[in-house]
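K.L.:
Let me begin by handing over the structure; questions about it come next.
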Amino acid sequence: MNFQHRAQLQPLLLPNLKETGKELGRGAYGVVTEVIVSGTTCAAKKLHDAIVQDHTLKKFSDAVLLHSQQSHPNIVQLIGVYYPPRSQLPMLVMEYLPLSLTQCLEREELPLQMKYSILLDVAKGLCYLHGKRPPIVHRDLTANNVLLTSSYSAKISDLGVSRLADTFKKDHLTTAPGNAMVMPPEALEDNPVYDHKLDVFSYGCLILHVLTGQFPEPKNQFVPEPAKPGKEKSFTKVSEWDRRSSYIKNIPKENELLPFAKDCLHDDPTGRPEMIDFLQFIQQIISKFPKMKNRPVIEKELKNAIQEKEEAEKKLDEERKVAERIIRELREENAANKRENEDLKKEKEKMTTDLKTLSSRVTGLQNVLSLKENKFNESTRVLKETIRSRDEQLVKQQEDNMELMEKREIELNDKHSA
Ligand SMILES: Nc1ncnc2c1ncn2[C@@H]1O[C@H](COP(=O)(O)OP(=O)(O)O)[C@@H](O)[C@H]1O
Ligand SMILES: [Mg+2]
C-alpha cells in the first residue's frame with residue numbers, strides 16, 4: 001500500500017486490537033468480524049481487495065476520513081482503522097450493533113410504534129448527513145445498512161462504502177450506486193447526476209419495507225400498451241410508486257406514512273420532500289402513541305421476571321424432592337407390605353395344612369372315641385347283665401337258703417317235739 005495513504009489514516013490507527021475470530025456477517029463489499037478494542041466489543045469490516053485497489057486508495061482514505069468525522073447517535077460510529085498482520089488494507093473498526101433491520105424484519109413482527117421509532121431514527125441520521133455542507137449523500141440506504149441496538153435504536157451504517165463501490169462497479173460494467181432496487185431513476189442512468197434526494201427515494205422504499213416486512217422489489221418500468229391494429233407495439237412508462245403498488249396493497253390505507261412514502265418515490269427528484277419535513281411529521285405521529293417503556297424499565301421487569309422464575313423453579317425443585325421422597329417411602333412401604341403379605345400367605349397356607357392335619361386327626365380320634373364308646377356301652381351292658389343275673393342268682397340263693405332254713409327249722413321243730 002502506498003505509504004502516503006497509510007500516513008493519511010495514521011490518526012485513526014488503532015494499535016491495540018484483538019480479533020476474536022467470530023464472523024458477524026458478510027455483505028456485498030466485505031466480511032464483518034468481531035474485535036475487542038480497549039475491552040470493548042467492536043465490529044471490523046474488511047473490504048474485498050477488489051473494491052480497494054491501488055488506484056482507488058486515495059478515494060478509500062478520503063471516504064474513511066469523511067466517515068470518521070461524522071458523529072451522530074443515529075450514524076454507526078467509525079472508531080478507527082486497523083492493519084491486520086501482513087495486510088496492506090486496513091479494516092474499518094466500527095461500534096458493534098447486535099442486529100440489522102433486515103434480520104429484525106425477517107425474524108419478528110414489530111409493533112407499529114417500534115417501526116415508526118426506527119424510521120424516525122433513520123430520518124434523524126439522514127437529516128444529519130443531508131444537513132452537512134456540502135450535503136453527504138449516503139447512496140446505499142437499505143434495511144441491510146440500518147443496524148439496531150439491543151433497545152431497537154436505529155443507526156445508519158456503511159457511510160462512504162457505496163462511494164468506494166462505485167469504482168468497483170465501474171470495473172464490473174455497472175455504474176449505478178447502491179442497491180438498484182431502491183435507486184431512483186436518475187441514479188440508474190448511464191452518467192448519473194443526483195443529489196441527496198437519491199437517499200429520500202431510498203427512504204421511501206425503506207418505509208414500504210418496514211411497514212410490509214417485504215423488500216419492495218419494483219415491477220417492470222415499461223409495460224406494453226394494448227395492441228392497436230396497424231400500429232407498432234408501444235410501451236408506457238410506469239411510475240416508481242406504481243411499480244411497487246403490490247406492496248402498498250399490504251398496508252392499511254389509513255396508514256399516515258403512505259402519502260409521505262409516495263412523495264419520496266416521486267419520479268422527479270425535485271418533487272420529493274426533504275427529510276427535515278418528514279422529521280417533524282413523524283415526531284408528531286409518534287407523540288400520539290402511548291409512551292414506550294424505556295430500556296431500564298424493561299430490563300427491571302425482565303430481571304424481576306427472571307428472579308420470580310428462578311424462585312418458582314427452586315420451589316418446584318423442593319416440591320419435587322419432597323414428592324420423590326414420599327414416592328420412595330411409599331415404594332418401600334409397598335415392598336414391605338408385599339413381603340408381609342407373602343409371609344402371611346405362607347403362614348395361612350401352613351395353617352391351612354395344619355388345620356387339615358388336625359381335623360383329620362380329630363376325625364380319627366372321634367372314630368376311636370365312638371369305637372371306645374360302643375365298647376364301653378357293650379361292656380356296661382354285659383356288666384349290667386352280669387349284675388342282674390348275679391342279683392337273680394343271689395335272690396334265688398337267698399330264696400333257696402330261706403327255704404332250706406325253713407326246712408331246717410321245721411326239721412328242728414319236729415326233732416324238738418319228738
Ligand atoms: N457494526 C456492526 N456491528 C455488528 N454487526 C455488523 C456491523 N456491521 C455489519 N454487521 C453485520 O455484517 C453483515 C454484513 O454487513 P455489510 O458488509 O455491511 O453488508 P450488507 O450491508 O450488505 O449487509 C450485516 O448484515 C451485519 O449482520
Ligand atoms: Mg452494510
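Chains: A, B, ... in order of the C-alpha cells. Residues: from 1 per chain. Ligands: from 1, in order shown.
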With only C-alpha atoms and all ligand atoms counted, collect every polymer residue having an atom within 10 Å of ligand 2; state the result as number ranges by chain.
P.N.:
A: 25-32, 45, 100, 140-147, 156-159, 161-162
K.L.:
Could you pull out the helix (DSSP H, G or I) residues of segment 94-214 of chain A, going by DSSP on the backbone, and write them as a ChimeraX atom specification?
P.N.:
/A:101-107,112-130,143-145,161-171,180-182,185-188,197-212
K.L.:
DSSP on the backbone: which residues in segment 85-247 of chain A end up as strand (DSSP E)? Give the answer as a list in words.
P.N.:
Met91, Leu92, Val93, Met94, Glu95, Leu99, Ser100, Val146, Leu147, Leu148, Ala154, Lys155, Ile156, Phe222, Val223, Pro224, Phe235, Thr236 and Lys237 of chain A
K.L.:
Next, the residues of the selection above should be written as a PDB file, in the first residue's frame with C-alpha atoms.
P.N.:
```pdb
ATOM      1  CA  MET A  91     -10.090  -2.931   8.481  1.00  0.00           C
ATOM      2  CA  LEU A  92     -12.730  -0.347   9.334  1.00  0.00           C
ATOM      3  CA  VAL A  93     -13.471  -0.662  13.038  1.00  0.00           C
ATOM      4  CA  MET A  94     -16.986   0.443  13.997  1.00  0.00           C
ATOM      5  CA  GLU A  95     -19.174   0.381  17.054  1.00  0.00           C
ATOM      6  CA  LEU A  99     -28.859  -6.702  14.782  1.00  0.00           C
ATOM      7  CA  SER A 100     -29.540  -5.382  11.283  1.00  0.00           C
ATOM      8  CA  VAL A 146     -29.718   0.130   9.210  1.00  0.00           C
ATOM      9  CA  LEU A 147     -28.335  -1.509  12.347  1.00  0.00           C
ATOM     10  CA  LEU A 148     -30.167  -1.761  15.669  1.00  0.00           C
ATOM     11  CA  ALA A 154     -31.532   2.531  14.741  1.00  0.00           C
ATOM     12  CA  LYS A 155     -28.251   3.693  13.235  1.00  0.00           C
ATOM     13  CA  ILE A 156     -27.238   4.093   9.604  1.00  0.00           C
ATOM     14  CA  PHE A 222     -42.255  -0.237 -19.004  1.00  0.00           C
ATOM     15  CA  VAL A 223     -45.463  -2.145 -19.777  1.00  0.00           C
ATOM     16  CA  PRO A 224     -46.752  -2.853 -23.297  1.00  0.00           C
ATOM     17  CA  PHE A 235     -44.753   0.799 -24.139  1.00  0.00           C
ATOM     18  CA  THR A 236     -45.902   3.010 -21.303  1.00  0.00           C
ATOM     19  CA  LYS A 237     -43.596   4.123 -18.518  1.00  0.00           C
TER      20      LYS A 237
END
```
K.L.:
Report, in Å to a single decimal, how far apart atom CA of Lys309 of chain A and atom CA of Glu108 of chain A are.
P.N.:
24.5 Å
K.L.:
For atom CA of Asp62 of chain A and atom CA of Leu9 of chain A, quote the distance in Å rounded to one decimal.
P.N.:
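Distance reported for this atom pair: 9.0 Å.
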K.L.:
For Pro111 of chain A, work out the shell of residues within 12 Å, counting only C-alpha atoms and skipping chain neighbours fewer than 6 positions away, then give it as a list in words.
P.N.:
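Skipping anything fewer than 6 positions along the chain leaves Cys104, Leu105, Ser117, Ile118, Tyr152, Val210, Leu211, Thr212, Gly213, Phe289 and Met292 of chain A.
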K.L.:
Which residue is closest to ligand 1? Choose from A:Met405, A:Leu101, A:Cys127, A:Ala418 and count only C-alpha atoms and all ligand atoms.
P.N.:
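Closest to ligand 1 of all the choices is A:Leu101.
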K.L.:
Which residues, written as a PyMOL selection string, have at least one atom at most 10 Å from Lys262 of chain A, with only C-alpha atoms counted and residues fewer than 4 positions away on the same chain left out?
P.N.:
chain A and resi 201+204-205+207-208+240-242+248+257-258+266-267+272
K.L.:
Mind writing the picked residues with N, CA and C atoms as a tab-separated table (two decimals), in the first residue's frame?
P.N.:
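Output below, filename again.tsv:
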```tsv
chain	number	residue	atom	x	y	z
A	201	PHE	N	-35.49	8.98	-1.91
A	201	PHE	CA	-36.16	7.92	-2.67
A	201	PHE	C	-35.97	6.56	-1.96
A	204	GLY	N	-38.09	6.25	1.02
A	204	GLY	CA	-39.48	5.89	0.70
A	204	GLY	C	-39.61	4.37	0.56
A	205	CYS	N	-38.61	3.76	-0.10
A	205	CYS	CA	-38.62	2.29	-0.24
A	205	CYS	C	-38.47	1.62	1.13
A	207	ILE	N	-39.53	2.81	3.96
A	207	ILE	CA	-40.83	2.90	4.66
A	207	ILE	C	-41.68	1.68	4.25
A	208	LEU	N	-41.75	1.42	2.93
A	208	LEU	CA	-42.55	0.28	2.46
A	208	LEU	C	-42.02	-1.03	3.03
A	240	GLU	N	-42.63	5.13	-10.46
A	240	GLU	CA	-41.89	4.35	-9.46
A	240	GLU	C	-42.83	3.86	-8.35
A	241	TRP	N	-43.80	4.71	-8.00
A	241	TRP	CA	-44.77	4.34	-6.97
A	241	TRP	C	-45.61	3.15	-7.44
A	242	ASP	N	-46.11	3.24	-8.67
A	242	ASP	CA	-46.94	2.15	-9.19
A	242	ASP	C	-46.15	0.85	-9.38
A	248	ILE	N	-47.85	-1.92	-1.63
A	248	ILE	CA	-48.67	-0.91	-0.96
A	248	ILE	C	-50.01	-1.52	-0.56
A	257	LEU	N	-48.11	7.20	7.06
A	257	LEU	CA	-46.83	7.41	6.37
A	257	LEU	C	-46.92	7.22	4.86
A	258	LEU	N	-48.03	6.59	4.41
A	258	LEU	CA	-48.14	6.26	2.99
A	258	LEU	C	-48.02	7.48	2.07
A	266	HIS	N	-41.38	9.86	-5.76
A	266	HIS	CA	-41.65	10.70	-6.94
A	266	HIS	C	-40.56	10.46	-7.99
A	267	ASP	N	-40.99	10.32	-9.23
A	267	ASP	CA	-40.01	10.06	-10.29
A	267	ASP	C	-39.01	11.21	-10.43
A	272	ARG	N	-39.66	15.36	-4.70
A	272	ARG	CA	-39.53	14.61	-3.43
A	272	ARG	C	-39.34	15.56	-2.26
```
K.L.:
Just the number, please: distance in Å from atom CA of Glu311 of chain A to atom CA of Arg325 of chain A, one decimal.
P.N.:
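Answer for the atom CA of Glu311 of chain A to atom CA of Arg325 of chain A separation: 21.0 Å.
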K.L.:
When distances are computed from only C-alpha atoms and all ligand atoms, which of A:Pro252, A:Pro269, A:Gly160, A:Pro216 shows the smallest separation from ligand 1?
P.N.:
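Among A:Pro252, A:Pro269, A:Gly160, A:Pro216, it is A:Gly160 that comes nearest to ligand 1.
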K.L.:
Tell me which protein, DNA and RNA residues are within 8 Å of Leu17 of chain A, counting only C-alpha atoms, leaving out same-chain ones fewer than 2 positions away, and put them as a PDB file with C-alpha atoms, in the first residue's frame.
P.N.:
```pdb
ATOM      1  CA  LEU A  14      -5.791   1.514  16.483  1.00  0.00           C
ATOM      2  CA  PRO A  15      -2.583  -0.015  17.835  1.00  0.00           C
ATOM      3  CA  GLU A  19      -9.515 -10.303  16.785  1.00  0.00           C
ATOM      4  CA  VAL A  35     -12.847  -7.435  17.530  1.00  0.00           C
ATOM      5  CA  ILE A  36     -12.023  -6.106  21.020  1.00  0.00           C
ATOM      6  CA  VAL A  37     -10.683  -2.563  21.380  1.00  0.00           C
ATOM      7  CA  SER A  38      -9.689  -1.497  24.918  1.00  0.00           C
ATOM      8  CA  TYR A  82      -6.520  -1.479  11.882  1.00  0.00           C
TER       9      TYR A  82
END
```
K.L.:
Would you mind telling me which residue in A:Leu57, A:Leu97, A:Leu198, A:Val182 lies nearest to ligand 1 when using only C-alpha atoms and all ligand atoms?
P.N.:
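For ligand 1, the nearest of the candidates is A:Leu97.
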